[in-house]
Amino acid sequence: MAEVSIETTKSLTVESVAAPAGGPIDSTVSAASAPAWQLPVYDFASGPAAAARATARSNSKFGEKNFFRTAQWSADGQTILTHAEDRTYRLFQLPPDLLRSTLTLTPFLASPQPAPILSAAFHPFGSTSLPGSLCFASAVRDQPVHLLDGVTGAVRATYPLEDHRERFVAPADMVFDWAGEKIYCATESAIDVFDVHAPGEAPTHVPLTPSRKSRSGQKGIISSLSFSPDYSGLLAAGSFSRSVGLYTVQKSGAEPHILITHLDAGVTQVRFPTPETLLIAMRNSLHMLLYDLRDVSQPLATLPRGTDGSVSVFDLQTVPSDGTEAAPSFTFQASTDTVSTASFHPSLPLLLTTSGSRHFPSPTSSATSVASDGEEEVEVERITLGPLPSDGEGLQVWKIGDLHGDLQSGAGVYPVSNETVDVRG
């Protein structure tokens, strides 16, 4: 099932954001240096055109079975962060000559991890024009949360998240606040909040239920976090235990403003299309639910989705309001395999998609004879099952409108070496 990308019309004016001296993030963003953001103009009538692509195939044991699990844009839209089945982060730079032809992208950074990657999040002010600011939070199983450099892959800071047995816990999802000063981590029945500029210190633990035995509050593994686009601090949290809560998180705790329960399946992703609406995606579900937060007694509409490799675009201003299924305004075939990510570029009419999944053949069985302690041999059936190569096209960038000016001239693009930096350890 694809991740959800939603364009909003809210604009942001940043006066100044600067890390303290010696902090893990070296960045200063000002209103004078930041370009004014404008909503891109999309043209779906002429159909998306492939502008760039990349493959996840590697020389590791995964080989052709490797595929991208997720991908996301940096804040300036010049860098793409991916993680793949082979437990490796790969970062790609959007080339200035994207207008000329369909390009094959190669990663400028490959950073293998010691265990499966659970989640990652770009810093909200990361930019290739300010190399010190390009970094991302990384959550790897049985490891502390790390802040990794987006150019070298080096560890800038470490944030230990431990359970009651003092074992490291990797959050299922992470999100920075709008100022880039806090990291919100999704854990079991709780949200843990790190101060970015205080590495090594324990997080502020915010339970979402009074106690383990309590039936009130939001329980289960929190799977997805999303901030409202109105910068009010309203945080949506989805749970694998089929619930969604909306909170204003404080040190004293988090009381839900709204709690949506008894959904059909575990929640895999939540996103705010507008400050008044919430989109919910669930496990093994062929529909997403669109809620009006002013009345959550029933969904405003349902949005169909599938695993056939197609991408559907919905106009949320024209969807029905009686809970019925909305028809997509545009659909195109992006892959022959499941699309796992669909994300709009922050400022250009570009769409980023990744595709690929595990494929398993029909099990084959064989009979072997097993004898123990001199007893009669017994026929034991052994079943062999292994993944097939993924049929997906990997990562693709699609043009869905006219590209102009800044991208073609390469203004503001930090010159990253074309050679791949392979970080081991």
# chains A, B, ... in the order shown; residues from 1 in each chain; ligands from 1
>>> residues_around(residues="Asp86 in chain A", least_positions_apart="3", cutoff="10 Å", atoms="only C-alpha atoms", output="ChimeraX atom specification")
/A:56-58,60-63,65-69,83,89,112-113,115-117
>>> residues_around(residues="Ser138 in chain A", least_positions_apart="5", cutoff="8 Å", atoms="only C-alpha atoms", output="JSON, numbers by chain")
{"A": [117, 119, 120, 121, 145, 146, 147, 148]}
>>> write_last_selection(atoms="N, CA and C atoms", output="compact mmCIF listing (two decimals), in the first residue's frame")
# COMPACT_ATOMS: atom_id res chain seq x y z
N ILE A 117 15.55 -1.24 9.23
CA ILE A 117 15.21 0.17 9.45
C ILE A 117 13.70 0.26 9.68
N SER A 119 12.09 3.45 10.72
CA SER A 119 11.59 4.75 10.28
C SER A 119 12.75 5.72 10.14
N ALA A 120 12.48 6.81 9.40
CA ALA A 120 13.46 7.88 9.20
C ALA A 120 12.70 9.16 8.93
N ALA A 121 13.33 10.30 9.26
CA ALA A 121 12.68 11.59 9.06
C ALA A 121 13.73 12.66 8.77
N VAL A 145 18.07 6.02 18.68
CA VAL A 145 17.78 6.93 17.57
C VAL A 145 19.04 7.74 17.27
N HIS A 146 19.39 7.83 15.99
CA HIS A 146 20.58 8.58 15.58
C HIS A 146 20.19 9.74 14.68
N LEU A 147 20.92 10.81 14.77
CA LEU A 147 20.83 11.91 13.81
C LEU A 147 22.02 11.76 12.88
N LEU A 148 21.74 11.44 11.60
CA LEU A 148 22.79 11.14 10.64
C LEU A 148 23.00 12.31 9.69
>>> select_by_dssp(residues="range 62-283 of chain A", states="strand (DSSP E or B)", output="PyMOL selection string")
chain A and resi 68-73+79-84+88-93+103-104+109-112+117-122+127+130+135-140+145-149+155-159+162+168+174-176+182-188+190-195+204-207+221-227+234-239+243-248+250+253+256-260+267-274+277-282
>>> residues_around(residues="range 102-104 of chain A", least_positions_apart="5", cutoff="7 Å", atoms="only C-alpha atoms", output="list in words")
Ala50, Ala51, Ala52, Arg53 and Ala54 of chain A
>>> write_last_selection(atoms="N, CA, C and O atoms", output="compact mmCIF listing (two decimals), in the first residue's frame")
# COMPACT_ATOMS: atom_id res chain seq x y z
N ALA A 50 7.92 10.27 -17.16
CA ALA A 50 9.05 9.85 -16.33
C ALA A 50 10.23 10.80 -16.55
O ALA A 50 10.67 11.01 -17.69
N ALA A 51 10.74 11.37 -15.47
CA ALA A 51 11.86 12.30 -15.56
C ALA A 51 13.16 11.69 -15.07
O ALA A 51 14.24 12.02 -15.55
N ALA A 52 13.07 10.80 -14.09
CA ALA A 52 14.27 10.17 -13.54
C ALA A 52 13.87 8.86 -12.88
O ALA A 52 12.73 8.68 -12.46
N ARG A 53 14.82 7.96 -12.80
CA ARG A 53 14.56 6.67 -12.15
C ARG A 53 15.83 6.17 -11.50
O ARG A 53 16.95 6.60 -11.82
N ALA A 54 15.65 5.23 -10.56
CA ALA A 54 16.79 4.60 -9.90
C ALA A 54 16.38 3.20 -9.49
O ALA A 54 15.20 2.91 -9.29
>>> residues_around(residues="range 310-322 of chain A", least_positions_apart="6", cutoff="10 Å", atoms="only C-alpha atoms", output="PyMOL selection string")
chain A and resi 2+6+44+273-274+277+290-292+298-304+328-339+341-342+353
>>> residues_around(residues="Asn284 in chain A", least_positions_apart="6", cutoff="10 Å", atoms="only C-alpha atoms", output="PDB file with N, CA, C and O atoms, in the first residue's frame")
ATOM      1  N   MET A   1       0.840  -1.187   0.000  1.00  0.00           N
ATOM      2  CA  MET A   1       0.000   0.000   0.000  1.00  0.00           C
ATOM      3  C   MET A   1       0.884   1.249   0.000  1.00  0.00           C
ATOM      4  O   MET A   1       1.902   1.312   0.690  1.00  0.00           O
ATOM      5  N   ASP A 264     -11.517  -0.639  11.212  1.00  0.00           N
ATOM      6  CA  ASP A 264     -11.567  -2.006  10.692  1.00  0.00           C
ATOM      7  C   ASP A 264     -10.244  -2.746  10.802  1.00  0.00           C
ATOM      8  O   ASP A 264     -10.220  -3.974  10.827  1.00  0.00           O
ATOM      9  N   ALA A 265      -9.136  -2.009  10.855  1.00  0.00           N
ATOM     10  CA  ALA A 265      -7.821  -2.647  10.897  1.00  0.00           C
ATOM     11  C   ALA A 265      -6.821  -1.691  11.532  1.00  0.00           C
ATOM     12  O   ALA A 265      -7.136  -0.533  11.826  1.00  0.00           O
ATOM     13  N   GLY A 266      -5.604  -2.209  11.758  1.00  0.00           N
ATOM     14  CA  GLY A 266      -4.564  -1.379  12.332  1.00  0.00           C
ATOM     15  C   GLY A 266      -4.192  -0.238  11.408  1.00  0.00           C
ATOM     16  O   GLY A 266      -4.142  -0.389  10.185  1.00  0.00           O
ATOM     17  N   VAL A 267      -3.918   0.917  11.992  1.00  0.00           N
ATOM     18  CA  VAL A 267      -3.605   2.122  11.217  1.00  0.00           C
ATOM     19  C   VAL A 267      -2.133   2.111  10.829  1.00  0.00           C
ATOM     20  O   VAL A 267      -1.248   1.878  11.658  1.00  0.00           O
ATOM     21  N   THR A 268      -1.858   2.361   9.552  1.00  0.00           N
ATOM     22  CA  THR A 268      -0.480   2.405   9.073  1.00  0.00           C
ATOM     23  C   THR A 268      -0.006   3.822   8.773  1.00  0.00           C
ATOM     24  O   THR A 268       1.199   4.078   8.767  1.00  0.00           O
ATOM     25  N   GLY A 306      -5.178   0.312  -4.219  1.00  0.00           N
ATOM     26  CA  GLY A 306      -4.925  -1.079  -4.532  1.00  0.00           C
ATOM     27  C   GLY A 306      -3.454  -1.403  -4.539  1.00  0.00           C
ATOM     28  O   GLY A 306      -2.617  -0.598  -4.108  1.00  0.00           O
ATOM     29  N   THR A 307      -3.135  -2.605  -5.033  1.00  0.00           N
ATOM     30  CA  THR A 307      -1.747  -3.073  -5.065  1.00  0.00           C
ATOM     31  C   THR A 307      -1.317  -3.433  -6.477  1.00  0.00           C
ATOM     32  O   THR A 307      -0.382  -4.210  -6.668  1.00  0.00           O
TER      33      THR A 307
END
>>> closest_residue(among="A:Tyr159, A:Tyr184, A:Tyr247, A:Trp178", to="Pro229 in chain A", atoms="only C-alpha atoms")
A:Trp178
>>> closest_residue(among="A:His287, A:Arg90, A:Ala110, A:Pro24", to="Ala157 in chain A", atoms="only C-alpha atoms")
A:Pro24
>>> residues_around(residues="Gln78 in chain A", least_positions_apart="4", cutoff="8 Å", atoms="only C-alpha atoms", output="PyMOL selection string")
chain A and resi 73-74+93-95+127-128+413
>>> write_last_selection(atoms="N, CA, C and O atoms", output="short mmCIF file (atom, residue, chain, number, x, y, z; two decimals), in the first residue's frame")
data_model
loop_
_atom_site.label_atom_id
_atom_site.label_comp_id
_atom_site.auth_asym_id
_atom_site.auth_seq_id
_atom_site.Cartn_x
_atom_site.Cartn_y
_atom_site.Cartn_z
N TRP A 73 11.19 13.43 0.25
CA TRP A 73 11.92 14.62 -0.18
C TRP A 73 12.52 15.35 1.02
O TRP A 73 11.94 15.36 2.10
N SER A 74 13.64 16.01 0.81
CA SER A 74 14.13 16.97 1.80
C SER A 74 13.28 18.22 1.73
O SER A 74 12.46 18.39 0.83
N GLN A 93 20.46 13.02 -5.27
CA GLN A 93 20.28 14.45 -5.50
C GLN A 93 19.53 14.67 -6.79
O GLN A 93 19.81 14.02 -7.81
N LEU A 94 18.55 15.56 -6.75
CA LEU A 94 17.79 15.90 -7.95
C LEU A 94 18.68 16.71 -8.87
O LEU A 94 19.13 17.80 -8.50
N PRO A 95 18.95 16.24 -10.07
CA PRO A 95 19.92 16.93 -10.94
C PRO A 95 19.31 18.18 -11.57
O PRO A 95 18.11 18.25 -11.84
N SER A 127 18.76 21.41 3.86
CA SER A 127 18.89 21.98 2.52
C SER A 127 20.28 21.70 1.98
O SER A 127 21.27 21.75 2.72
N THR A 128 20.36 21.41 0.69
CA THR A 128 21.66 21.20 0.07
C THR A 128 22.45 22.49 -0.04
O THR A 128 23.67 22.47 -0.19
N VAL A 413 21.72 24.66 -5.49
CA VAL A 413 22.04 23.24 -5.38
C VAL A 413 23.46 23.10 -4.87
O VAL A 413 24.40 23.61 -5.45
#
>>> closest_residue(among="A:Thr55, A:Asp76, A:Ala170, A:Val175", to="Ser347 in chain A", atoms="only C-alpha atoms")
A:Asp76
>>> atom_distance(atom1="CA of Pro346 in chain A", atom2="CA of Val196 in chain A")
23.7 Å
>>> atom_distance(atom1="CA of Ile222 in chain A", atom2="CA of Arg358 in chain A")
24.4 Å
>>> closest_residue(among="A:Gly180, A:Gly233, A:Pro160, A:Pro275", to="Pro203 in chain A", atoms="only C-alpha atoms")
A:Pro160
>>> closest_residue(among="A:Asp149, A:Glu276, A:Asp97, A:Glu181", to="Ser111 in chain A", atoms="only C-alpha atoms")
A:Asp149
>>> atom_distance(atom1="CA of Tyr42 in chain A", atom2="CA of Leu286 in chain A")
26.1 Å
>>> closest_residue(among="A:Ala237, A:Val397, A:Ala202, A:Leu105", to="Gly77 in chain A", atoms="only C-alpha atoms")
A:Val397
